[in-house]
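Enquirer: Structure file entry20.pdb (PDB, C-alpha atoms and all ligand atoms) right here:
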ATOM      1  CA  MET A   1      -0.026  63.969 -71.154  1.00  0.00           C
ATOM      2  CA  ALA A   2      -1.236  61.738 -68.327  1.00  0.00           C
ATOM      3  CA  SER A   3      -3.826  59.958 -70.441  1.00  0.00           C
ATOM      4  CA  LEU A   4      -1.340  59.583 -73.336  1.00  0.00           C
ATOM      5  CA  LEU A   5       1.174  57.859 -71.054  1.00  0.00           C
ATOM      6  CA  LYS A   6      -1.584  55.629 -69.645  1.00  0.00           C
ATOM      7  CA  ARG A   7      -2.675  54.675 -73.178  1.00  0.00           C
ATOM      8  CA  LEU A   8       0.923  53.892 -74.174  1.00  0.00           C
ATOM      9  CA  PHE A   9       1.283  51.751 -71.052  1.00  0.00           C
ATOM     10  CA  ALA A  10      -1.902  49.875 -71.958  1.00  0.00           C
ATOM     11  CA  LEU A  11      -0.549  49.161 -75.462  1.00  0.00           C
ATOM     12  CA  THR A  12       2.911  47.947 -74.483  1.00  0.00           C
ATOM     13  CA  PRO A  13       3.146  44.156 -74.136  1.00  0.00           C
ATOM     14  CA  MET A  14       4.729  43.384 -70.763  1.00  0.00           C
ATOM     15  CA  THR A  15       7.093  40.752 -72.161  1.00  0.00           C
ATOM     16  CA  ARG A  16       9.942  41.912 -69.955  1.00  0.00           C
ATOM     17  CA  SER A  17       7.754  41.470 -66.914  1.00  0.00           C
ATOM     18  CA  THR A  18       6.994  37.841 -67.719  1.00  0.00           C
ATOM     19  CA  SER A  19      10.726  37.145 -68.049  1.00  0.00           C
ATOM     20  CA  ALA A  20      11.096  38.773 -64.615  1.00  0.00           C
ATOM     21  CA  TYR A  21       8.532  36.263 -63.299  1.00  0.00           C
ATOM     22  CA  THR A  22      10.423  33.315 -64.834  1.00  0.00           C
ATOM     23  CA  PHE A  23      13.585  34.601 -63.237  1.00  0.00           C
ATOM     24  CA  GLY A  24      11.873  34.942 -59.834  1.00  0.00           C
ATOM     25  CA  LEU A  25      10.189  31.515 -59.965  1.00  0.00           C
ATOM     26  CA  GLU A  26      13.569  29.875 -60.613  1.00  0.00           C
ATOM     27  CA  ARG A  27      14.730  31.246 -57.262  1.00  0.00           C
ATOM     28  CA  VAL A  28      11.766  30.811 -54.882  1.00  0.00           C
ATOM     29  CA  GLY A  29      12.718  27.300 -53.750  1.00  0.00           C
ATOM     30  CA  THR A  30      10.296  24.944 -52.005  1.00  0.00           C
ATOM     31  CA  LEU A  31       6.780  26.258 -51.440  1.00  0.00           C
ATOM     32  CA  PRO A  32       3.927  24.960 -49.284  1.00  0.00           C
ATOM     33  CA  SER A  33       0.797  23.760 -51.069  1.00  0.00           C
ATOM     34  CA  GLY A  34      -1.827  26.362 -51.879  1.00  0.00           C
ATOM     35  CA  PRO A  35      -2.767  29.252 -54.149  1.00  0.00           C
ATOM     36  CA  VAL A  36      -0.681  32.113 -55.532  1.00  0.00           C
ATOM     37  CA  LEU A  37      -1.456  35.826 -55.212  1.00  0.00           C
ATOM     38  CA  GLU A  38      -0.313  38.332 -57.837  1.00  0.00           C
ATOM     39  CA  ILE A  39      -0.524  41.958 -56.640  1.00  0.00           C
ATOM     40  CA  GLY A  40      -0.845  44.488 -59.480  1.00  0.00           C
ATOM     41  CA  THR A  41      -2.285  42.401 -62.298  1.00  0.00           C
ATOM     42  CA  GLY A  42      -1.876  45.184 -64.876  1.00  0.00           C
ATOM     43  CA  GLN A  43      -2.592  44.015 -68.417  1.00  0.00           C
ATOM     44  CA  GLY A  44      -2.917  40.431 -67.158  1.00  0.00           C
ATOM     45  CA  TYR A  45       0.165  38.917 -68.819  1.00  0.00           C
ATOM     46  CA  SER A  46       1.545  38.178 -65.370  1.00  0.00           C
ATOM     47  CA  VAL A  47      -1.474  36.245 -64.030  1.00  0.00           C
ATOM     48  CA  ALA A  48      -1.774  34.405 -67.354  1.00  0.00           C
ATOM     49  CA  PHE A  49       1.904  33.475 -67.202  1.00  0.00           C
ATOM     50  CA  LEU A  50       1.639  32.327 -63.560  1.00  0.00           C
ATOM     51  CA  SER A  51      -1.449  30.220 -64.387  1.00  0.00           C
ATOM     52  CA  ARG A  52       0.612  28.398 -67.052  1.00  0.00           C
ATOM     53  CA  ALA A  53       3.882  28.163 -65.095  1.00  0.00           C
ATOM     54  CA  LEU A  54       2.188  26.986 -61.856  1.00  0.00           C
ATOM     55  CA  ALA A  55      -0.580  25.008 -63.548  1.00  0.00           C
ATOM     56  CA  ASP A  56      -1.415  22.933 -60.449  1.00  0.00           C
ATOM     57  CA  ARG A  57      -2.138  26.012 -58.303  1.00  0.00           C
ATOM     58  CA  GLN A  58      -5.005  28.515 -58.310  1.00  0.00           C
ATOM     59  CA  VAL A  59      -3.721  31.997 -59.191  1.00  0.00           C
ATOM     60  CA  VAL A  60      -5.545  35.005 -57.753  1.00  0.00           C
ATOM     61  CA  GLY A  61      -4.809  38.489 -59.106  1.00  0.00           C
ATOM     62  CA  ILE A  62      -5.639  41.811 -57.501  1.00  0.00           C
ATOM     63  CA  ASP A  63      -5.460  45.278 -58.958  1.00  0.00           C
ATOM     64  CA  ILE A  64      -6.875  48.622 -57.909  1.00  0.00           C
ATOM     65  CA  THR A  65      -8.246  48.991 -61.465  1.00  0.00           C
ATOM     66  CA  TYR A  66      -8.769  46.679 -64.432  1.00  0.00           C
ATOM     67  CA  GLU A  67      -8.770  49.424 -67.090  1.00  0.00           C
ATOM     68  CA  CYS A  68      -5.532  48.032 -68.661  1.00  0.00           C
ATOM     69  CA  PHE A  69      -6.601  44.374 -68.474  1.00  0.00           C
ATOM     70  CA  LYS A  70      -6.455  42.605 -71.868  1.00  0.00           C
ATOM     71  CA  PRO A  71      -8.255  39.228 -71.493  1.00  0.00           C
ATOM     72  CA  GLU A  72      -8.610  38.778 -75.281  1.00  0.00           C
ATOM     73  CA  ARG A  73      -4.806  38.703 -75.670  1.00  0.00           C
ATOM     74  CA  LEU A  74      -4.100  36.303 -72.835  1.00  0.00           C
ATOM     75  CA  GLU A  75      -3.359  32.617 -72.853  1.00  0.00           C
ATOM     76  CA  PHE A  76      -4.314  31.047 -69.531  1.00  0.00           C
ATOM     77  CA  GLY A  77      -3.237  27.763 -67.978  1.00  0.00           C
ATOM     78  CA  PRO A  78      -5.738  24.991 -67.171  1.00  0.00           C
ATOM     79  CA  ARG A  79      -7.129  26.937 -64.185  1.00  0.00           C
ATOM     80  CA  LYS A  80      -8.337  30.407 -65.098  1.00  0.00           C
ATOM     81  CA  PRO A  81      -7.048  33.002 -62.598  1.00  0.00           C
ATOM     82  CA  TRP A  82      -9.543  34.609 -60.237  1.00  0.00           C
ATOM     83  CA  LEU A  83      -9.461  38.406 -60.361  1.00  0.00           C
ATOM     84  CA  VAL A  84     -10.398  40.678 -57.495  1.00  0.00           C
ATOM     85  CA  GLN A  85     -10.489  44.463 -57.455  1.00  0.00           C
ATOM     86  CA  ALA A  86      -8.718  45.485 -54.267  1.00  0.00           C
ATOM     87  CA  SER A  87      -5.952  47.685 -52.902  1.00  0.00           C
ATOM     88  CA  ALA A  88      -2.711  46.066 -51.779  1.00  0.00           C
ATOM     89  CA  PRO A  89      -2.620  47.551 -48.258  1.00  0.00           C
ATOM     90  CA  TYR A  90      -6.065  46.050 -47.565  1.00  0.00           C
ATOM     91  CA  LEU A  91      -6.020  42.478 -48.880  1.00  0.00           C
ATOM     92  CA  PRO A  92      -9.499  40.901 -48.741  1.00  0.00           C
ATOM     93  CA  PHE A  93      -8.173  37.418 -47.891  1.00  0.00           C
ATOM     94  CA  ALA A  94      -7.926  35.287 -44.765  1.00  0.00           C
ATOM     95  CA  SER A  95      -4.604  34.951 -42.956  1.00  0.00           C
ATOM     96  CA  ASP A  96      -2.289  32.048 -43.908  1.00  0.00           C
ATOM     97  CA  THR A  97      -3.870  31.524 -47.349  1.00  0.00           C
ATOM     98  CA  PHE A  98      -1.203  31.816 -50.058  1.00  0.00           C
ATOM     99  CA  ALA A  99       1.915  29.762 -50.807  1.00  0.00           C
ATOM    100  CA  LEU A 100       3.418  32.526 -52.950  1.00  0.00           C
ATOM    101  CA  VAL A 101       2.787  36.251 -53.334  1.00  0.00           C
ATOM    102  CA  SER A 102       4.327  38.047 -56.303  1.00  0.00           C
ATOM    103  CA  LEU A 103       4.921  41.767 -56.383  1.00  0.00           C
ATOM    104  CA  VAL A 104       6.722  42.488 -59.641  1.00  0.00           C
ATOM    105  CA  MET A 105       7.266  46.103 -60.759  1.00  0.00           C
ATOM    106  CA  THR A 106       4.344  47.218 -58.604  1.00  0.00           C
ATOM    107  CA  PHE A 107       5.607  48.069 -55.105  1.00  0.00           C
ATOM    108  CA  HIS A 108       6.961  51.472 -56.216  1.00  0.00           C
ATOM    109  CA  CYS A 109       3.428  52.734 -56.989  1.00  0.00           C
ATOM    110  CA  LEU A 110       1.593  51.415 -53.909  1.00  0.00           C
ATOM    111  CA  PRO A 111       0.312  53.525 -51.013  1.00  0.00           C
ATOM    112  CA  GLU A 112       1.063  52.632 -47.366  1.00  0.00           C
ATOM    113  CA  PRO A 113       4.207  50.531 -48.055  1.00  0.00           C
ATOM    114  CA  GLN A 114       4.562  49.282 -44.478  1.00  0.00           C
ATOM    115  CA  ARG A 115       0.972  48.133 -44.415  1.00  0.00           C
ATOM    116  CA  VAL A 116       1.451  46.326 -47.756  1.00  0.00           C
ATOM    117  CA  PHE A 117       4.329  44.287 -46.292  1.00  0.00           C
ATOM    118  CA  ARG A 118       2.328  43.469 -43.142  1.00  0.00           C
ATOM    119  CA  GLU A 119      -0.669  42.383 -45.206  1.00  0.00           C
ATOM    120  CA  VAL A 120       1.482  40.172 -47.440  1.00  0.00           C
ATOM    121  CA  PHE A 121       3.031  38.592 -44.335  1.00  0.00           C
ATOM    122  CA  ARG A 122      -0.453  37.980 -42.893  1.00  0.00           C
ATOM    123  CA  VAL A 123      -1.912  36.283 -45.990  1.00  0.00           C
ATOM    124  CA  LEU A 124       1.158  34.083 -46.642  1.00  0.00           C
ATOM    125  CA  LYS A 125       1.109  30.552 -45.279  1.00  0.00           C
ATOM    126  CA  PRO A 126       3.937  29.572 -42.921  1.00  0.00           C
ATOM    127  CA  GLY A 127       6.863  28.730 -45.213  1.00  0.00           C
ATOM    128  CA  GLY A 128       5.309  30.812 -48.016  1.00  0.00           C
ATOM    129  CA  VAL A 129       7.339  33.282 -50.037  1.00  0.00           C
ATOM    130  CA  LEU A 130       6.994  36.866 -51.216  1.00  0.00           C
ATOM    131  CA  MET A 131       8.774  37.150 -54.581  1.00  0.00           C
ATOM    132  CA  MET A 132       9.425  40.778 -55.388  1.00  0.00           C
ATOM    133  CA  ALA A 133      11.197  42.692 -58.148  1.00  0.00           C
ATOM    134  CA  ASP A 134      11.403  46.446 -58.374  1.00  0.00           C
ATOM    135  CA  VAL A 135      13.559  49.367 -59.353  1.00  0.00           C
ATOM    136  CA  ASP A 136      16.625  50.379 -57.363  1.00  0.00           C
ATOM    137  CA  GLY A 137      16.111  53.796 -55.762  1.00  0.00           C
ATOM    138  CA  GLN A 138      19.857  54.378 -55.642  1.00  0.00           C
ATOM    139  CA  HIS A 139      20.331  53.894 -59.378  1.00  0.00           C
ATOM    140  CA  ARG A 140      21.238  57.017 -61.376  1.00  0.00           C
ATOM    141  CA  ILE A 141      18.062  56.806 -63.480  1.00  0.00           C
ATOM    142  CA  ALA A 142      15.742  56.426 -60.452  1.00  0.00           C
ATOM    143  CA  PRO A 143      14.958  60.191 -60.226  1.00  0.00           C
ATOM    144  CA  TRP A 144      14.003  60.183 -63.940  1.00  0.00           C
ATOM    145  CA  PHE A 145      11.858  57.092 -63.495  1.00  0.00           C
ATOM    146  CA  GLU A 146      10.030  58.829 -60.638  1.00  0.00           C
ATOM    147  CA  ARG A 147       9.525  62.019 -62.653  1.00  0.00           C
ATOM    148  CA  ILE A 148       8.068  60.187 -65.668  1.00  0.00           C
ATOM    149  CA  GLU A 149       5.769  58.131 -63.440  1.00  0.00           C
ATOM    150  CA  HIS A 150       4.613  61.288 -61.632  1.00  0.00           C
ATOM    151  CA  LEU A 151       3.803  62.911 -64.981  1.00  0.00           C
ATOM    152  CA  GLY A 152       1.291  60.322 -66.079  1.00  0.00           C
ATOM    153  CA  ILE A 153       1.295  56.922 -64.386  1.00  0.00           C
ATOM    154  CA  SER A 154       1.043  57.514 -60.642  1.00  0.00           C
ATOM    155  CA  SER A 155       1.694  60.427 -58.342  1.00  0.00           C
ATOM    156  CA  LEU A 156       2.468  57.900 -55.593  1.00  0.00           C
ATOM    157  CA  THR A 157       5.517  56.396 -57.325  1.00  0.00           C
ATOM    158  CA  ARG A 158       8.601  56.192 -55.204  1.00  0.00           C
ATOM    159  CA  ALA A 159      11.796  54.308 -56.106  1.00  0.00           C
ATOM    160  CA  TYR A 160      12.772  52.721 -52.778  1.00  0.00           C
ATOM    161  CA  ARG A 161      16.362  52.018 -51.830  1.00  0.00           C
ATOM    162  CA  VAL A 162      17.288  48.369 -51.281  1.00  0.00           C
ATOM    163  CA  GLU A 163      17.921  49.016 -47.575  1.00  0.00           C
ATOM    164  CA  GLU A 164      14.417  50.510 -47.193  1.00  0.00           C
ATOM    165  CA  ILE A 165      12.792  47.454 -48.810  1.00  0.00           C
ATOM    166  CA  LEU A 166      14.763  45.026 -46.638  1.00  0.00           C
ATOM    167  CA  ALA A 167      13.898  47.021 -43.483  1.00  0.00           C
ATOM    168  CA  LEU A 168      10.170  47.068 -44.382  1.00  0.00           C
ATOM    169  CA  GLY A 169      10.274  43.285 -44.835  1.00  0.00           C
ATOM    170  CA  LYS A 170      12.025  42.748 -41.529  1.00  0.00           C
ATOM    171  CA  GLU A 171       9.604  44.996 -39.646  1.00  0.00           C
ATOM    172  CA  ALA A 172       6.659  43.038 -41.112  1.00  0.00           C
ATOM    173  CA  GLY A 173       8.034  39.782 -39.677  1.00  0.00           C
ATOM    174  CA  PHE A 174      10.213  38.272 -42.405  1.00  0.00           C
ATOM    175  CA  PRO A 175      13.325  37.268 -40.432  1.00  0.00           C
ATOM    176  CA  GLU A 176      15.828  37.021 -43.291  1.00  0.00           C
ATOM    177  CA  PRO A 177      14.902  39.177 -46.272  1.00  0.00           C
ATOM    178  CA  GLN A 178      17.157  38.267 -49.191  1.00  0.00           C
ATOM    179  CA  ILE A 179      18.404  40.048 -52.266  1.00  0.00           C
ATOM    180  CA  ALA A 180      17.895  37.239 -54.799  1.00  0.00           C
ATOM    181  CA  TYR A 181      19.656  39.067 -57.613  1.00  0.00           C
ATOM    182  CA  ARG A 182      21.098  42.482 -58.303  1.00  0.00           C
ATOM    183  CA  LYS A 183      23.060  42.877 -61.524  1.00  0.00           C
ATOM    184  CA  PRO A 184      25.997  45.273 -61.078  1.00  0.00           C
ATOM    185  CA  GLY A 185      24.857  48.589 -62.549  1.00  0.00           C
ATOM    186  CA  GLY A 186      21.344  47.204 -63.245  1.00  0.00           C
ATOM    187  CA  PHE A 187      18.110  49.041 -62.420  1.00  0.00           C
ATOM    188  CA  MET A 188      16.092  46.032 -61.200  1.00  0.00           C
ATOM    189  CA  VAL A 189      16.521  44.213 -57.903  1.00  0.00           C
ATOM    190  CA  TRP A 190      14.935  40.829 -57.068  1.00  0.00           C
ATOM    191  CA  TYR A 191      14.066  39.987 -53.456  1.00  0.00           C
ATOM    192  CA  LEU A 192      12.778  36.924 -51.611  1.00  0.00           C
ATOM    193  CA  PHE A 193      11.024  37.062 -48.226  1.00  0.00           C
ATOM    194  CA  ARG A 194      10.065  33.759 -46.596  1.00  0.00           C
ATOM    195  CA  LYS A 195       7.510  33.626 -43.759  1.00  0.00           C
ATOM    196  CA  PRO A 196       8.839  31.418 -40.968  1.00  0.00           C
ATOM    197  CA  GLN A 197       7.138  28.105 -40.187  1.00  0.00           C
ATOM    198  CA  GLU A 198       6.389  29.353 -36.691  1.00  0.00           C
ATOM    199  CA  VAL A 199       5.580  32.986 -35.999  1.00  0.00           C
ATOM    200  CA  SER A 200       6.264  34.110 -32.453  1.00  0.00           C
ATOM    201  CA  ASP A 201       3.668  36.408 -30.852  1.00  0.00           C
ATOM    202  CA  GLY A 202       6.159  39.159 -30.168  1.00  0.00           C
ATOM    203  CA  ARG A 203       7.607  39.314 -33.717  1.00  0.00           C
TER     204      ARG A 203
HETATM  205  C1  LIG B 301       3.575  48.562 -63.530  1.00  0.00           C
HETATM  206  S1  LIG B 301       2.085  47.640 -63.333  1.00  0.00           S
HETATM  207  C2  LIG B 301       2.756  46.009 -63.075  1.00  0.00           C
HETATM  208  C3  LIG B 301       1.921  44.930 -63.665  1.00  0.00           C
HETATM  209  C4  LIG B 301       2.466  43.513 -63.542  1.00  0.00           C
HETATM  210  N1  LIG B 301       2.862  43.188 -62.176  1.00  0.00           N
HETATM  211  C5  LIG B 301       3.616  43.274 -64.514  1.00  0.00           C
HETATM  212  O1  LIG B 301       4.782  43.281 -64.087  1.00  0.00           O
HETATM  213  O2  LIG B 301       3.316  43.091 -65.687  1.00  0.00           O
HETATM  214  C6  LIG B 301       1.544  48.131 -61.700  1.00  0.00           C
HETATM  215  C7  LIG B 301       0.109  47.740 -61.416  1.00  0.00           C
HETATM  216  O3  LIG B 301      -0.175  48.032 -60.042  1.00  0.00           O
HETATM  217  C8  LIG B 301      -1.522  48.451 -59.954  1.00  0.00           C
HETATM  218  N2  LIG B 301      -1.772  49.154 -58.694  1.00  0.00           N
HETATM  219  C9  LIG B 301      -1.523  50.458 -58.404  1.00  0.00           C
HETATM  220  N3  LIG B 301      -1.915  50.744 -57.152  1.00  0.00           N
HETATM  221  C10 LIG B 301      -2.421  49.602 -56.630  1.00  0.00           C
HETATM  222  C11 LIG B 301      -2.988  49.253 -55.360  1.00  0.00           C
HETATM  223  N4  LIG B 301      -3.109  50.171 -54.378  1.00  0.00           N
HETATM  224  N5  LIG B 301      -3.395  47.989 -55.157  1.00  0.00           N
HETATM  225  C12 LIG B 301      -3.277  47.058 -56.147  1.00  0.00           C
HETATM  226  N6  LIG B 301      -2.745  47.320 -57.359  1.00  0.00           N
HETATM  227  C13 LIG B 301      -2.326  48.577 -57.604  1.00  0.00           C
HETATM  228  C14 LIG B 301      -1.694  49.319 -61.206  1.00  0.00           C
HETATM  229  O4  LIG B 301      -3.074  49.492 -61.524  1.00  0.00           O
HETATM  230  C15 LIG B 301      -0.896  48.520 -62.241  1.00  0.00           C
HETATM  231  O5  LIG B 301      -1.728  47.633 -62.942  1.00  0.00           O
END
Could you rewrite the structure in this file as structure tokens?
Expert:
Amino acid sequence: MASLLKRLFALTPMTRSTSAYTFGLERVGTLPSGPVLEIGTGQGYSVAFLSRALADRQVVGIDITYECFKPERLEFGPRKPWLVQASAPYLPFASDTFALVSLVMTFHCLPEPQRVFREVFRVLKPGGVLMMADVDGQHRIAPWFERIEHLGISSLTRAYRVEEILALGKEAGFPEPQIAYRKPGGFMVWYLFRKPQEVSDGR
């Protein structure tokens, strides 16, 4: 069952995800100069899309595994994305590196959620933005989503409530976490977290 679900996942084009990225990019506002980090590269449609949409920036993708990656199906922008195998709670990058971090339909399956937020805060440049979209843990289908994921995609999956996500962001140092969009009755929630220009020592 588990391997069947994984194979189905690998075959499904993530077209809905790339529309989620378009939607997020329309809302991020002004960004500092610098590269973009995509956490949870998956099949690669997301990094390919970002490399076309943000053609003047270097896109870096990380994933814990590249078994679903489909380079032969991807159309990259002028700068080919750099791919790194790494786990989100332990980002192998220097502090204050990225202008934008995207975390689209990935946070629910990551370990150490608090550490992930702290790491994203650390690697963002001052003024940089975390653009995030994920499922709403309070939605009526959230328990079913979790069950299906536990069956074959990831035993770690947890559908977080909006309040939990906002609190994790605040604890990590983002002063004003924002819900960028939440359709009434919808299952997806979009968030924006901007790192302040100046970070006080006692954040
Ligand atoms: C549902 S896919 C999302 C892919 C992509 N963001 C999209 O929307 O098309 C989640 C991805 O997160 C990756 N992932 C799971 N645990 C991870 C971890 N600890 N660190 C980095 N990536 C991880 C999985 O391998 C998978 O490719």
Enquirer: Let me make sure I understand: among A:Leu91, A:Val123, A:Cys109, A:Leu83, which one has the smallest atom-to-atom distance to Val135 in chain A if we use all atoms listed in the file?
Expert: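 Of the candidates, the smallest distance to Val135 in chain A is held by A:Cys109.
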Enquirer: Run the PyMOL selection byres (((chain A and resi 75) around 10) and not hetatm) on the file and write out the hits as number ranges by chain.
Expert: A: 44-45, 47-49, 51-52, 71-74, 76-78, 80
Enquirer: Against ligand LIG 301 (chain B), which residues of chain A fall within 9 Å? For each one I want the closest pair of atoms and the distance in Å (one decimal), counting only C-alpha atoms and all ligand atoms, rows by chain and increasing residue number, as CSV.
Expert:
residue,atom,partner,partner_atom,distance
A:Phe9,CA,B:LIG301,C1,8.5
A:Pro13,CA,B:LIG301,O2,8.5
A:Met14,CA,B:LIG301,O2,5.3
A:Thr15,CA,B:LIG301,O2,7.9
A:Arg16,CA,B:LIG301,O1,7.9
A:Ser17,CA,B:LIG301,O1,4.5
A:Thr18,CA,B:LIG301,O2,6.7
A:Ala20,CA,B:LIG301,O1,7.8
A:Tyr21,CA,B:LIG301,O1,8.0
A:Glu38,CA,B:LIG301,N1,7.2
A:Ile39,CA,B:LIG301,C12,5.8
A:Gly40,CA,B:LIG301,O3,3.7
A:Thr41,CA,B:LIG301,C4,5.0
A:Gly42,CA,B:LIG301,O5,3.1
A:Gln43,CA,B:LIG301,O2,6.6
A:Gly44,CA,B:LIG301,O2,6.9
A:Tyr45,CA,B:LIG301,O2,6.1
A:Ser46,CA,B:LIG301,O2,5.2
A:Val47,CA,B:LIG301,C4,8.3
A:Ile62,CA,B:LIG301,C12,5.9
A:Asp63,CA,B:LIG301,N6,3.8
A:Ile64,CA,B:LIG301,C12,4.3
A:Thr65,CA,B:LIG301,O4,5.2
A:Tyr66,CA,B:LIG301,O4,7.0
A:Glu67,CA,B:LIG301,O4,8.0
A:Cys68,CA,B:LIG301,O5,6.9
A:Phe69,CA,B:LIG301,O5,8.1
A:Gln85,CA,B:LIG301,C12,7.8
A:Ala86,CA,B:LIG301,N5,5.9
A:Ser87,CA,B:LIG301,N5,3.4
A:Ala88,CA,B:LIG301,N5,3.9
A:Pro89,CA,B:LIG301,N4,6.7
A:Tyr90,CA,B:LIG301,N5,8.3
A:Leu91,CA,B:LIG301,N5,8.8
A:Ser102,CA,B:LIG301,N1,7.9
A:Leu103,CA,B:LIG301,N1,6.3
A:Val104,CA,B:LIG301,N1,4.7
A:Met105,CA,B:LIG301,O1,5.0
A:Thr106,CA,B:LIG301,C6,4.3
A:Phe107,CA,B:LIG301,O3,7.6
A:His108,CA,B:LIG301,C6,8.4
A:Cys109,CA,B:LIG301,C9,5.6
A:Leu110,CA,B:LIG301,N3,4.8
A:Pro111,CA,B:LIG301,N4,5.9
A:Glu112,CA,B:LIG301,N4,8.5
A:Val116,CA,B:LIG301,N4,8.9
A:Ala133,CA,B:LIG301,O1,8.8
A:Ile153,CA,B:LIG301,C1,8.7
A:Ser154,CA,B:LIG301,C9,7.8
A:Leu156,CA,B:LIG301,N3,8.5
Enquirer: Step by step, gather every atom of range 110-120 of chain A that the file lists, find the box along x, y and z that holds them, add 4 Å on each side, and finally give centre and edge lengths in Å to one decimal, as lines of an AutoDock Vina configuration file.
Expert:
center_x = 1.9
center_y = 46.8
center_z = -48.5
size_x = 13.2
size_y = 21.4
size_z = 18.8
Enquirer: As an exercise, work out the distance from CA of Arg158 in chain A to CA of Met132 in chain A in Å and give it to one decimal place.
Expert: 15.4 Å
